[in-house]
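S.K.: entry.txt is reproduced below (compact mmCIF, C-alpha atoms and all ligand atoms).
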```
# COMPACT_ATOMS: atom_id res chain seq x y z
CA MET Q 177 44.98 162.65 -34.35
CA LYS Q 178 44.76 159.03 -35.55
CA LYS Q 179 47.29 158.25 -38.23
CA VAL Q 180 46.78 156.03 -41.25
CA VAL Q 181 49.32 154.84 -43.80
CA LEU Q 182 47.70 154.61 -47.22
CA ALA Q 183 49.22 152.54 -50.01
CA TYR Q 184 49.21 155.30 -52.59
CA SER Q 185 49.65 154.74 -56.32
CA GLY Q 186 49.24 158.30 -57.55
CA GLY Q 187 46.09 157.41 -59.47
CA LEU Q 188 42.58 158.81 -59.11
CA ASP Q 189 41.27 156.35 -56.50
CA THR Q 190 44.07 156.69 -54.01
CA SER Q 191 44.39 160.45 -54.55
CA VAL Q 192 40.73 160.85 -53.68
CA ALA Q 193 41.19 158.37 -50.82
CA ILE Q 194 43.74 160.68 -49.21
CA HIS Q 195 41.21 163.47 -49.06
CA TRP Q 196 38.39 161.15 -48.03
CA LEU Q 197 40.41 159.71 -45.12
CA ALA Q 198 41.58 163.16 -44.05
CA ALA Q 199 37.94 164.30 -44.05
CA LYS Q 200 37.18 161.41 -41.71
CA GLY Q 201 39.74 162.85 -39.30
CA TYR Q 202 42.83 160.79 -40.09
CA GLY Q 203 46.32 162.10 -40.54
CA VAL Q 204 47.19 160.45 -43.84
CA VAL Q 205 50.69 159.26 -44.66
CA ALA Q 206 50.81 158.52 -48.39
CA TYR Q 207 53.14 155.58 -48.93
CA MET Q 208 54.42 154.81 -52.42
CA ALA Q 209 56.09 151.51 -53.13
CA ASP Q 210 58.37 151.35 -56.14
CA VAL Q 211 58.18 147.88 -57.66
CA GLY Q 212 59.13 149.14 -61.10
CA GLN Q 213 55.73 150.38 -62.23
CA GLU Q 214 57.35 153.11 -64.36
CA LYS Q 215 55.21 155.88 -62.89
CA THR Q 216 56.83 159.23 -62.35
CA THR Q 217 56.73 159.90 -58.66
CA ALA Q 218 57.24 163.69 -58.60
CA PRO Q 219 53.73 164.66 -59.81
CA ALA Q 220 52.25 161.93 -57.62
CA ILE Q 221 53.98 163.31 -54.53
CA ALA Q 222 52.71 166.82 -55.34
CA ARG Q 223 49.20 165.42 -55.86
CA ALA Q 224 49.27 163.58 -52.52
CA LYS Q 225 50.19 166.77 -50.72
CA LYS Q 226 47.49 168.77 -52.52
CA ALA Q 227 44.99 166.08 -51.56
CA GLY Q 228 45.90 166.55 -47.93
CA ALA Q 229 48.57 164.01 -47.01
CA VAL Q 230 50.56 164.97 -43.92
CA LYS Q 231 53.55 163.14 -45.32
CA VAL Q 232 54.65 161.20 -48.38
CA VAL Q 233 56.94 158.20 -48.00
CA VAL Q 234 58.55 156.54 -51.03
CA ARG Q 235 60.20 153.13 -50.76
CA ASP Q 236 62.22 151.50 -53.49
CA LEU Q 237 61.34 147.81 -53.13
CA LYS Q 238 62.64 146.54 -56.46
CA LYS Q 239 65.68 144.67 -55.10
CA LYS Q 240 63.72 143.05 -52.32
CA PHE Q 241 61.00 142.17 -54.79
CA VAL Q 242 63.45 140.16 -56.88
CA THR Q 243 65.36 138.42 -54.11
CA ASP Q 244 62.58 137.68 -51.67
CA TYR Q 245 59.59 137.19 -53.98
CA LEU Q 246 60.38 136.70 -57.66
CA TRP Q 247 63.30 134.30 -57.30
CA PRO Q 248 61.52 132.07 -54.77
CA ALA Q 249 58.47 131.97 -57.07
CA LEU Q 250 60.70 131.20 -60.06
CA LYS Q 251 62.46 128.40 -58.19
CA ALA Q 252 59.08 127.02 -57.18
CA GLY Q 253 57.84 127.26 -60.77
CA ALA Q 254 54.70 129.09 -59.63
CA VAL Q 255 52.24 129.85 -62.44
CA TYR Q 256 48.53 130.30 -61.71
CA GLU Q 257 46.06 128.27 -63.76
CA GLY Q 258 48.79 127.35 -66.18
CA ARG Q 259 49.44 130.85 -67.48
CA TYR Q 260 49.47 133.79 -65.08
CA THR Q 261 53.03 134.41 -63.91
CA LEU Q 262 51.73 136.31 -60.87
CA ALA Q 263 53.34 139.75 -61.24
CA THR Q 264 50.56 141.60 -59.42
CA ALA Q 265 49.95 138.85 -56.89
CA LEU Q 266 53.62 138.61 -55.88
CA SER Q 267 53.95 142.35 -55.37
CA ARG Q 268 51.09 142.73 -52.92
CA PRO Q 269 52.53 140.97 -49.85
CA LEU Q 270 55.75 142.93 -50.32
CA ILE Q 271 53.96 146.26 -50.61
CA ALA Q 272 51.72 145.45 -47.64
CA ALA Q 273 54.60 144.21 -45.47
CA GLU Q 274 56.55 147.40 -46.06
CA GLN Q 275 53.37 149.35 -45.35
CA VAL Q 276 53.18 147.72 -41.92
CA ALA Q 277 56.81 148.74 -41.32
CA VAL Q 278 55.98 152.31 -42.34
CA ALA Q 279 52.97 152.26 -40.01
CA HIS Q 280 55.24 151.24 -37.14
CA ALA Q 281 57.83 153.88 -38.00
CA GLU Q 282 55.15 156.58 -38.24
CA LYS Q 283 53.33 155.35 -35.14
CA ALA Q 284 50.16 154.93 -37.17
CA THR Q 285 47.29 152.83 -35.86
CA ALA Q 286 45.73 152.13 -39.24
CA VAL Q 287 46.59 151.18 -42.80
CA ALA Q 288 44.52 151.71 -45.93
CA HIS Q 289 44.52 150.51 -49.52
CA GLY Q 290 42.70 151.55 -52.68
CA CYS Q 291 41.49 148.11 -53.79
CA THR Q 292 37.90 147.46 -54.76
CA GLY Q 293 35.74 144.87 -53.04
CA LYS Q 294 35.69 142.60 -56.09
CA GLY Q 295 39.29 141.67 -56.57
CA ASN Q 296 42.11 139.60 -55.15
CA ASP Q 297 44.32 142.48 -54.16
CA GLN Q 298 42.21 143.54 -51.18
CA VAL Q 299 42.63 140.01 -49.83
CA ARG Q 300 46.39 140.03 -50.36
CA PHE Q 301 46.78 143.39 -48.63
CA GLU Q 302 44.62 142.58 -45.66
CA VAL Q 303 45.82 139.04 -45.03
CA THR Q 304 49.38 140.33 -45.06
CA THR Q 305 48.57 143.16 -42.65
CA GLN Q 306 46.78 140.82 -40.29
CA ALA Q 307 49.53 138.22 -40.44
CA LEU Q 308 52.15 140.80 -39.53
CA ASP Q 309 50.27 143.00 -37.06
CA GLY Q 310 46.75 142.07 -36.03
CA SER Q 311 46.35 145.27 -34.02
CA LEU Q 312 46.34 147.58 -37.05
CA GLU Q 313 42.99 148.93 -38.18
CA ILE Q 314 42.41 148.30 -41.90
CA LEU Q 315 40.55 150.81 -44.04
CA ALA Q 316 39.37 150.26 -47.60
CA PRO Q 317 37.87 153.57 -48.78
CA VAL Q 318 37.06 152.43 -52.31
CA ARG Q 319 34.97 149.60 -50.87
CA GLU Q 320 33.04 151.92 -48.63
CA TRP Q 321 32.71 155.32 -50.14
CA GLU Q 322 29.63 156.86 -51.68
CA PHE Q 323 30.87 157.42 -55.24
CA LYS Q 324 28.99 155.33 -57.73
CA SER Q 325 31.05 156.16 -60.76
CA ARG Q 326 34.37 157.46 -61.90
CA GLU Q 327 32.66 160.70 -62.91
CA GLU Q 328 31.47 161.27 -59.34
CA GLU Q 329 34.97 160.67 -58.08
CA ILE Q 330 36.38 163.13 -60.60
CA ARG Q 331 33.80 165.71 -59.51
CA TYR Q 332 34.82 165.17 -55.89
CA ALA Q 333 38.47 165.63 -56.84
CA ARG Q 334 37.72 168.84 -58.73
CA ARG Q 335 35.60 170.19 -55.89
CA HIS Q 336 38.44 169.66 -53.44
CA GLY Q 337 41.26 170.88 -55.61
CA ILE Q 338 42.92 167.50 -56.09
CA PRO Q 339 44.88 167.73 -59.33
CA ILE Q 340 44.06 164.75 -61.51
CA ASP Q 341 45.05 163.84 -64.98
CA VAL Q 342 41.91 162.56 -66.66
CA THR Q 343 43.12 163.04 -70.21
CA LYS Q 344 45.82 160.40 -69.90
CA LYS Q 345 43.51 157.80 -68.38
CA SER Q 346 43.32 154.62 -70.42
CA PRO Q 347 40.04 152.70 -70.58
CA PHE Q 348 41.86 149.75 -68.99
CA SER Q 349 42.81 148.98 -65.44
CA ILE Q 350 46.54 148.42 -65.55
CA ASP Q 351 48.92 147.14 -62.92
CA LYS Q 352 52.61 147.08 -63.71
CA ASN Q 353 55.84 145.98 -62.12
CA ILE Q 354 59.16 144.50 -63.22
CA TRP Q 355 57.64 141.00 -63.44
CA GLY Q 356 54.84 141.98 -65.79
CA VAL Q 357 51.75 143.96 -66.69
CA SER Q 358 48.16 143.03 -65.81
CA VAL Q 359 45.37 144.57 -67.85
CA GLU Q 360 41.65 144.32 -67.36
CA ALA Q 361 38.35 146.16 -67.85
CA GLY Q 362 37.17 148.22 -70.82
CA VAL Q 363 36.47 146.14 -73.91
CA LEU Q 364 38.33 143.22 -72.34
CA GLU Q 365 35.25 142.58 -70.20
CA ASP Q 366 33.79 140.79 -73.20
CA PRO Q 367 35.65 137.46 -73.04
CA ASN Q 368 35.03 136.92 -76.72
CA ALA Q 369 36.49 140.24 -77.84
CA GLU Q 370 40.06 140.14 -79.09
CA PRO Q 371 42.37 142.39 -77.05
CA PRO Q 372 42.84 145.57 -79.08
CA ALA Q 373 46.37 146.65 -79.96
CA GLU Q 374 46.22 149.55 -77.53
CA SER Q 375 45.51 147.23 -74.60
CA PHE Q 376 49.10 146.02 -74.78
CA GLN Q 377 51.53 148.06 -72.76
CA TRP Q 378 54.97 146.56 -73.32
CA THR Q 379 54.46 144.40 -76.38
CA ARG Q 380 52.48 146.89 -78.42
CA GLY Q 381 53.52 146.97 -82.05
CA ALA Q 382 54.94 143.45 -82.08
CA GLU Q 383 52.46 142.39 -84.77
CA GLY Q 384 53.87 144.82 -87.31
CA ARG Q 385 57.50 144.08 -86.58
CA ASN Q 386 59.66 142.08 -88.89
CA LEU Q 387 62.20 140.39 -86.68
CA LYS Q 388 64.93 137.87 -87.12
CA GLU Q 389 65.07 134.96 -84.69
CA LYS Q 390 67.42 135.58 -81.83
CA THR Q 391 68.95 133.21 -79.32
CA VAL Q 392 69.76 134.24 -75.78
CA GLU Q 393 71.59 132.17 -73.20
CA ILE Q 394 70.66 132.38 -69.55
CA GLN Q 395 73.02 131.22 -66.84
CA PHE Q 396 71.58 129.85 -63.61
CA GLU Q 397 73.19 129.20 -60.26
CA LYS Q 398 71.20 127.16 -57.78
CA GLY Q 399 67.99 128.03 -59.57
CA VAL Q 400 68.69 131.76 -59.79
CA PRO Q 401 69.42 133.55 -63.09
CA VAL Q 402 72.84 135.15 -62.77
CA GLY Q 403 73.94 135.89 -66.31
CA LEU Q 404 72.88 136.64 -69.84
CA ASN Q 405 74.84 135.51 -72.90
CA GLY Q 406 77.81 134.65 -70.75
CA ARG Q 407 77.95 137.99 -68.95
CA LYS Q 408 77.33 138.05 -65.19
CA MET Q 409 74.45 140.38 -64.62
CA ASP Q 410 72.64 142.06 -61.78
CA ALA Q 411 69.16 140.63 -61.31
CA LEU Q 412 67.26 143.85 -62.02
CA LYS Q 413 69.29 144.49 -65.15
CA LEU Q 414 68.81 140.93 -66.36
CA ILE Q 415 65.04 141.17 -65.94
CA ALA Q 416 64.97 144.60 -67.62
CA GLU Q 417 66.98 143.34 -70.61
CA LEU Q 418 64.78 140.30 -71.10
CA ASN Q 419 61.67 142.46 -70.78
CA ALA Q 420 62.94 144.90 -73.40
CA LEU Q 421 63.99 142.19 -75.82
CA GLY Q 422 60.98 139.95 -75.18
CA SER Q 423 58.60 142.88 -75.61
CA LEU Q 424 59.88 143.52 -79.13
CA TYR Q 425 58.93 139.95 -80.02
CA GLY Q 426 55.59 140.09 -78.23
CA ILE Q 427 56.66 137.26 -75.94
CA GLY Q 428 54.74 136.52 -72.75
CA ARG Q 429 51.33 137.73 -73.78
CA MET Q 430 48.54 135.85 -72.08
CA ASP Q 431 44.83 136.21 -72.61
CA MET Q 432 42.87 134.23 -70.07
CA ILE Q 433 39.71 133.74 -68.09
CA GLU Q 434 40.84 133.34 -64.54
CA ASN Q 435 39.21 132.30 -61.29
CA ARG Q 436 39.45 134.99 -58.66
CA LEU Q 437 39.55 134.05 -55.00
CA VAL Q 438 36.28 135.93 -54.43
CA GLY Q 439 34.50 133.57 -56.81
CA ILE Q 440 34.26 135.80 -59.86
CA LYS Q 441 35.59 134.69 -63.22
CA SER Q 442 37.41 137.51 -64.92
CA ARG Q 443 39.05 138.16 -68.24
CA GLU Q 444 42.62 139.29 -67.89
CA THR Q 445 45.45 139.89 -70.25
CA TYR Q 446 49.05 139.83 -69.17
CA GLU Q 447 52.40 140.71 -70.63
CA ALA Q 448 55.35 139.10 -68.95
CA PRO Q 449 58.28 138.70 -71.35
CA ALA Q 450 61.12 138.19 -68.87
CA ALA Q 451 59.02 136.03 -66.55
CA THR Q 452 57.91 133.82 -69.42
CA ILE Q 453 61.44 133.33 -70.75
CA LEU Q 454 62.95 132.73 -67.31
CA ILE Q 455 60.27 130.35 -66.08
CA GLN Q 456 60.59 128.30 -69.23
CA ALA Q 457 64.38 128.22 -69.10
CA HIS Q 458 64.42 127.38 -65.41
CA ARG Q 459 61.95 124.54 -65.81
CA ASP Q 460 64.01 123.17 -68.66
CA LEU Q 461 67.21 123.19 -66.64
CA GLU Q 462 65.39 121.34 -63.88
CA SER Q 463 64.38 118.65 -66.33
CA LEU Q 464 68.08 118.07 -66.99
CA VAL Q 465 69.31 117.89 -63.39
CA LEU Q 466 66.41 116.63 -61.25
CA ASP Q 467 65.47 112.98 -61.10
CA ARG Q 468 62.05 111.92 -62.28
CA GLU Q 469 60.35 111.51 -58.89
CA LEU Q 470 61.54 114.83 -57.53
CA LEU Q 471 60.61 116.63 -60.73
CA HIS Q 472 57.10 115.18 -60.78
CA TYR Q 473 56.53 115.86 -57.10
CA LYS Q 474 57.72 119.41 -57.56
CA GLU Q 475 55.11 120.03 -60.25
CA GLY Q 476 52.44 119.60 -57.60
CA VAL Q 477 54.30 121.93 -55.27
CA ALA Q 478 54.47 124.54 -58.03
CA GLN Q 479 50.73 124.53 -58.40
CA LYS Q 480 50.14 124.77 -54.67
CA TYR Q 481 52.69 127.55 -54.42
CA ALA Q 482 50.94 129.50 -57.18
CA GLU Q 483 47.63 129.15 -55.36
CA LEU Q 484 49.13 130.41 -52.11
CA VAL Q 485 50.55 133.44 -53.89
CA TYR Q 486 47.34 134.11 -55.75
CA TYR Q 487 45.21 133.71 -52.61
CA GLY Q 488 47.26 136.19 -50.61
CA LEU Q 489 48.72 133.52 -48.33
CA TRP Q 490 52.36 134.58 -48.61
CA PHE Q 491 52.99 135.10 -44.91
CA THR Q 492 51.91 131.64 -43.86
CA PRO Q 493 53.68 128.57 -42.47
CA LEU Q 494 52.89 126.53 -45.58
CA ARG Q 495 54.53 129.01 -47.93
CA LYS Q 496 57.63 129.04 -45.75
CA ALA Q 497 57.69 125.26 -45.59
CA LEU Q 498 57.31 124.98 -49.37
CA ASP Q 499 60.16 127.46 -49.80
CA ALA Q 500 62.38 125.24 -47.66
CA PHE Q 501 61.46 122.23 -49.77
CA VAL Q 502 62.02 124.09 -53.03
CA GLU Q 503 65.38 125.41 -51.84
CA THR Q 504 66.72 121.88 -51.32
CA THR Q 505 65.69 121.01 -54.87
CA GLN Q 506 67.70 123.88 -56.32
CA ALA Q 507 71.17 122.84 -55.15
CA ARG Q 508 72.02 121.44 -58.59
CA VAL Q 509 69.95 123.75 -60.78
CA THR Q 510 73.12 125.32 -62.14
CA GLY Q 511 73.95 125.63 -65.79
CA ALA Q 512 72.93 127.43 -68.95
CA VAL Q 513 69.86 127.35 -71.15
CA ARG Q 514 69.62 128.70 -74.68
CA VAL Q 515 66.28 130.17 -75.64
CA LYS Q 516 65.32 131.11 -79.18
CA LEU Q 517 63.06 134.12 -79.50
CA ARG Q 518 60.60 134.25 -82.34
CA LYS Q 519 57.56 136.42 -82.73
CA TYR Q 520 55.21 135.63 -79.82
CA SER Q 521 57.20 132.67 -78.60
CA ALA Q 522 60.28 131.68 -76.70
CA CYS Q 523 61.55 128.19 -77.25
CA VAL Q 524 64.36 126.35 -75.48
CA VAL Q 525 66.86 124.98 -77.98
CA GLY Q 526 69.69 123.77 -75.73
CA ARG Q 527 70.69 123.22 -72.11
CA ARG Q 528 73.79 122.12 -70.19
CA SER Q 529 74.85 121.66 -66.60
CA PRO Q 530 77.75 120.22 -64.63
CA TYR Q 531 75.05 118.32 -62.73
CA SER Q 532 73.30 116.92 -65.77
CA LEU Q 533 71.72 113.52 -65.19
CA TYR Q 534 71.51 112.91 -68.90
CA LYS Q 535 73.79 110.07 -70.01
CA GLU Q 536 74.35 109.81 -73.68
CA THR Q 537 75.69 106.26 -73.29
CA LEU Q 538 72.31 105.26 -71.86
CA ALA Q 539 70.06 107.27 -74.15
CA THR Q 540 71.81 106.74 -77.45
CA TYR Q 541 70.57 104.53 -80.25
CA GLY Q 542 74.03 104.74 -81.78
CA GLY Q 543 77.25 102.81 -81.31
CA LYS Q 544 78.20 104.20 -77.88
CA ASP Q 545 75.32 102.33 -76.23
CA LYS Q 546 76.10 101.00 -72.71
CA PHE Q 547 72.55 100.08 -71.79
CA ASP Q 548 72.03 96.36 -71.31
CA GLN Q 549 68.72 95.82 -73.06
CA ARG Q 550 68.38 92.30 -71.68
CA LEU Q 551 67.69 93.77 -68.22
CA ALA Q 552 64.49 95.36 -69.51
CA LYS Q 553 62.61 92.06 -69.68
CA GLY Q 554 62.98 91.26 -65.95
CA PHE Q 555 62.08 94.80 -65.03
CA ILE Q 556 58.89 94.72 -67.09
CA ASP Q 557 57.84 91.31 -65.80
CA LEU Q 558 58.04 92.52 -62.19
CA TRP Q 559 56.39 95.81 -63.06
CA ALA Q 560 53.49 93.93 -64.65
CA LEU Q 561 53.31 91.30 -61.90
CA PRO Q 562 50.39 92.82 -59.94
CA TYR Q 563 48.32 93.09 -63.11
CA ARG Q 564 49.17 89.79 -64.76
CA LYS Q 565 46.13 87.63 -65.70
N1 LIG U 1 44.00 139.34 -61.87
C1 LIG U 1 45.32 139.63 -61.44
C2 LIG U 1 45.50 139.26 -60.00
O1 LIG U 1 44.54 139.14 -59.29
C3 LIG U 1 45.69 141.08 -61.69
C4 LIG U 1 44.84 142.05 -61.00
C5 LIG U 1 45.41 143.43 -60.97
N2 LIG U 1 44.94 144.23 -61.80
C6 LIG U 1 44.72 145.25 -62.50
N3 LIG U 1 44.64 145.23 -63.62
N4 LIG U 1 44.53 146.35 -62.20
O2 LIG U 1 46.59 139.06 -59.58
```
Let me see whether you can do it: turn the structure in this file into structure tokens.
M.R.:
Amino acid sequence: MKKVVLAYSGGLDTSVAIHWLAAKGYGVVAYMADVGQEKTTAPAIARAKKAGAVKVVVRDLKKKFVTDYLWPALKAGAVYEGRYTLATALSRPLIAAEQVAVAHAEKATAVAHGCTGKGNDQVRFEVTTQALDGSLEILAPVREWEFKSREEEIRYARRHGIPIDVTKKSPFSIDKNIWGVSVEAGVLEDPNAEPPAESFQWTRGAEGRNLKEKTVEIQFEKGVPVGLNGRKMDALKLIAELNALGSLYGIGRMDMIENRLVGIKSRETYEAPAATILIQAHRDLESLVLDRELLHYKEGVAQKYAELVYYGLWFTPLRKALDAFVETTQARVTGAVRVKLRKYSACVVGRRSPYSLYKETLATYGGKDKFDQRLAKGFIDLWALPYRK
């Protein structure tokens, strides 16, 4: 029997996909990747077995997600189209890479995912698979099957005894991991409609909350967050704490029209409290310790890096080369940044570093001034020389 490893989320699509693939003659290994999506796995495992999986494999990828994906993206400053902090996009190459490893371990000849044919995620999954093992067959049931609606899928599930939970289903399509929540569909498909309160997953209720301003201090070492308010902290814990705190304040909400790789414009909302706070703090620390030319050049790299992530081009020579560049820029990104949290916004209010390039004796307008203002004239005359009439 041919074996396929399916990236299984526990939801309706991938539950039905198990049965659909089994009906096509595959032995289906349901593979669940834990990237912090807060889903309970026990019912999902039971559902996979009921649907006909020959085996269920669960992998906790949270640590690897932070060290190998989130921190490199943070150091690079990757943000897509100025706002999207890439939670979903960053998780896909990781999930797909581990899926290839599971396929090898299970001696499977195929992998499958539950993405539709309209999104970016199918691209990210399949490019990753092909970059890591071009011999694996790739199956995308949701792109191929005969169901024309969710109702038809539910009927199929009922007919085949696949236990599904339709009551809990939200009208939105939600993807979650420790770096953020992505929400689309439902009423959000009207780009002019304001996101309803219930579309928010982590920051729900922020509007009604009466909160005092709060300042947090984040410690960085070589571009990596290592502590919160002076306490050394494990990366996962640090992200979880900032998510919890930031969510209360409604920080990191984004409502945007974004350009998908497949050419469609789509309306997405995101919630990424920790990512928003950390990216802002990190960028601020860089502005203190990097010289002007490096900082400006790096802004271009950040944009390119975000595109690579968004386009599913994680396992490519360019991404690796950019990582090497970014890494050399982070040697002095050590220090602490204070961020003030207010409702819906995080704002840097102070920064320090042993590698600070800021010189008060140069910048000051006060008595400590060491800057020889007479030098400015010669500098400007030469600067203007090519343009002088
Ligand atoms: N538009 C985002 C991306 O392509 C998120 C897509 C995932 N979405 C979802 N809501 N189900 O990265």
S.K.: Between Q:Ser185, Q:Ser346, Q:Thr379, Q:Gln306, single out the one closest to Q:Ala220, counting all atoms listed in the file.
M.R.: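 Result for the nearest residue to Q:Ala220: Q:Ser185.
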S.K.: Do you know which residues lie at most 12 Å from (36.1, 161.9, -65.7), with coordinates as in the file and all atoms listed in the file counted, and could you write them as a VMD selection string?
M.R.: chain Q and resid 188 to 189 325 to 334 340 to 347
S.K.: Hey, can you spit out that residue selection with C-alpha atoms as a PDB file, in the coordinates of the input?
M.R.:
```pdb
ATOM      1  CA  LEU Q 188      42.580 158.810 -59.110  1.00  0.00           C
ATOM      2  CA  ASP Q 189      41.270 156.350 -56.500  1.00  0.00           C
ATOM      3  CA  SER Q 325      31.050 156.160 -60.760  1.00  0.00           C
ATOM      4  CA  ARG Q 326      34.370 157.460 -61.900  1.00  0.00           C
ATOM      5  CA  GLU Q 327      32.660 160.700 -62.910  1.00  0.00           C
ATOM      6  CA  GLU Q 328      31.470 161.270 -59.340  1.00  0.00           C
ATOM      7  CA  GLU Q 329      34.970 160.670 -58.080  1.00  0.00           C
ATOM      8  CA  ILE Q 330      36.380 163.130 -60.600  1.00  0.00           C
ATOM      9  CA  ARG Q 331      33.800 165.710 -59.510  1.00  0.00           C
ATOM     10  CA  TYR Q 332      34.820 165.170 -55.890  1.00  0.00           C
ATOM     11  CA  ALA Q 333      38.470 165.630 -56.840  1.00  0.00           C
ATOM     12  CA  ARG Q 334      37.720 168.840 -58.730  1.00  0.00           C
ATOM     13  CA  ILE Q 340      44.060 164.750 -61.510  1.00  0.00           C
ATOM     14  CA  ASP Q 341      45.050 163.840 -64.980  1.00  0.00           C
ATOM     15  CA  VAL Q 342      41.910 162.560 -66.660  1.00  0.00           C
ATOM     16  CA  THR Q 343      43.120 163.040 -70.210  1.00  0.00           C
ATOM     17  CA  LYS Q 344      45.820 160.400 -69.900  1.00  0.00           C
ATOM     18  CA  LYS Q 345      43.510 157.800 -68.380  1.00  0.00           C
ATOM     19  CA  SER Q 346      43.320 154.620 -70.420  1.00  0.00           C
ATOM     20  CA  PRO Q 347      40.040 152.700 -70.580  1.00  0.00           C
TER      21      PRO Q 347
END
```
S.K.: Go through Q:Glu214, Q:Glu302, Q:Asp467, Q:Glu365 one by one, measure the shortest atom-to-atom distance of each to Q:Met432 using only C-alpha atoms, and give the residue with the smallest value.
M.R.: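 Nearest to Q:Met432: Q:Glu365.
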S.K.: Tell me which protein, DNA and RNA residues are within 10 Å of Q:Gln395, counting only C-alpha atoms, leaving out same-chain ones fewer than 5 positions away, and put them as a ChimeraX atom specification.
M.R.: /Q:400-409,457-458,461,510-514,527-529
S.K.: Those residues you just picked out, can you put them in a file as a compact mmCIF listing (two decimals), in the coordinates of the input with C-alpha atoms?
M.R.:
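Dumped to out_0.txt:
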```
# COMPACT_ATOMS: atom_id res chain seq x y z
CA VAL Q 400 68.69 131.76 -59.79
CA PRO Q 401 69.42 133.55 -63.09
CA VAL Q 402 72.84 135.15 -62.77
CA GLY Q 403 73.94 135.89 -66.31
CA LEU Q 404 72.88 136.64 -69.84
CA ASN Q 405 74.84 135.51 -72.90
CA GLY Q 406 77.81 134.65 -70.75
CA ARG Q 407 77.95 137.99 -68.95
CA LYS Q 408 77.33 138.05 -65.19
CA MET Q 409 74.45 140.38 -64.62
CA ALA Q 457 64.38 128.22 -69.10
CA HIS Q 458 64.42 127.38 -65.41
CA LEU Q 461 67.21 123.19 -66.64
CA THR Q 510 73.12 125.32 -62.14
CA GLY Q 511 73.95 125.63 -65.79
CA ALA Q 512 72.93 127.43 -68.95
CA VAL Q 513 69.86 127.35 -71.15
CA ARG Q 514 69.62 128.70 -74.68
CA ARG Q 527 70.69 123.22 -72.11
CA ARG Q 528 73.79 122.12 -70.19
CA SER Q 529 74.85 121.66 -66.60
```
S.K.: Select from chain Q every residue with an atom at most 10 Å from any atom of ligand LIG 1 (chain U), then for each give the shortest pair of atoms and their distance in Å to one decimal, using all atoms listed in the file, rows by chain and rising number, as a tab-separated table.
M.R.:
```
residue	atom	partner	partner_atom	distance
Q:Tyr256	CA	U:LIG1	O2	9.2
Q:Tyr260	CA	U:LIG1	C1	8.0
Q:Thr261	CA	U:LIG1	O2	9.0
Q:Leu262	CA	U:LIG1	O2	6.0
Q:Ala263	CA	U:LIG1	O2	7.0
Q:Thr264	CA	U:LIG1	O2	4.7
Q:Ala265	CA	U:LIG1	O2	4.3
Q:Leu266	CA	U:LIG1	O2	8.0
Q:Ser267	CA	U:LIG1	O2	9.1
Q:Arg268	CA	U:LIG1	O2	8.8
Q:Cys291	CA	U:LIG1	N4	9.1
Q:Gly295	CA	U:LIG1	O1	6.4
Q:Asn296	CA	U:LIG1	O1	4.8
Q:Asp297	CA	U:LIG1	O1	6.1
Q:Gln298	CA	U:LIG1	O1	9.5
Q:Val299	CA	U:LIG1	O1	9.7
Q:Arg300	CA	U:LIG1	O1	9.2
Q:Phe348	CA	U:LIG1	N3	7.5
Q:Ser349	CA	U:LIG1	N4	4.5
Q:Ile350	CA	U:LIG1	N3	4.2
Q:Asp351	CA	U:LIG1	N4	4.5
Q:Lys352	CA	U:LIG1	N3	8.2
Q:Val357	CA	U:LIG1	N3	7.8
Q:Ser358	CA	U:LIG1	N3	4.7
Q:Val359	CA	U:LIG1	N3	4.3
Q:Glu360	CA	U:LIG1	N3	4.9
Q:Ala361	CA	U:LIG1	N3	7.6
Q:Met432	CA	U:LIG1	N1	9.7
Q:Ile433	CA	U:LIG1	N1	9.4
Q:Glu434	CA	U:LIG1	N1	7.3
Q:Asn435	CA	U:LIG1	N1	8.5
Q:Arg436	CA	U:LIG1	O1	6.6
Q:Leu437	CA	U:LIG1	O1	8.3
Q:Lys441	CA	U:LIG1	N1	9.7
Q:Ser442	CA	U:LIG1	N1	7.5
Q:Arg443	CA	U:LIG1	N1	8.2
Q:Glu444	CA	U:LIG1	N1	6.2
Q:Thr445	CA	U:LIG1	N1	8.5
Q:Tyr446	CA	U:LIG1	C3	8.3
Q:Val485	CA	U:LIG1	O2	8.9
Q:Tyr486	CA	U:LIG1	O2	6.3
Q:Tyr487	CA	U:LIG1	O1	8.6
Q:Gly488	CA	U:LIG1	O2	9.4
```
S.K.: Point out the residue among Q:Ala218, Q:Ala281, Q:Val211, Q:Leu421 with the least atom-to-atom distance to Q:Trp355, counting all atoms listed in the file.
M.R.: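 With all atoms listed in the file as the atom set, the closest residue is Q:Val211.
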S.K.: Need the shell around Q:Val180: protein/DNA/RNA residues with any atom at most 6 Å away, counting all atoms listed in the file. Skip same-chain ones fewer than 5 positions apart. Format as a ChimeraX atom specification?
M.R.: /Q:204,284,286-287
S.K.: Could you save the residues just selected, with C-alpha atoms, as a short mmCIF file (atom, residue, chain, number, x, y, z; two decimals), in the frame of the given file?
M.R.:
```cif
data_model
loop_
_atom_site.label_atom_id
_atom_site.label_comp_id
_atom_site.auth_asym_id
_atom_site.auth_seq_id
_atom_site.Cartn_x
_atom_site.Cartn_y
_atom_site.Cartn_z
CA VAL Q 204 47.19 160.45 -43.84
CA ALA Q 284 50.16 154.93 -37.17
CA ALA Q 286 45.73 152.13 -39.24
CA VAL Q 287 46.59 151.18 -42.80
#
```
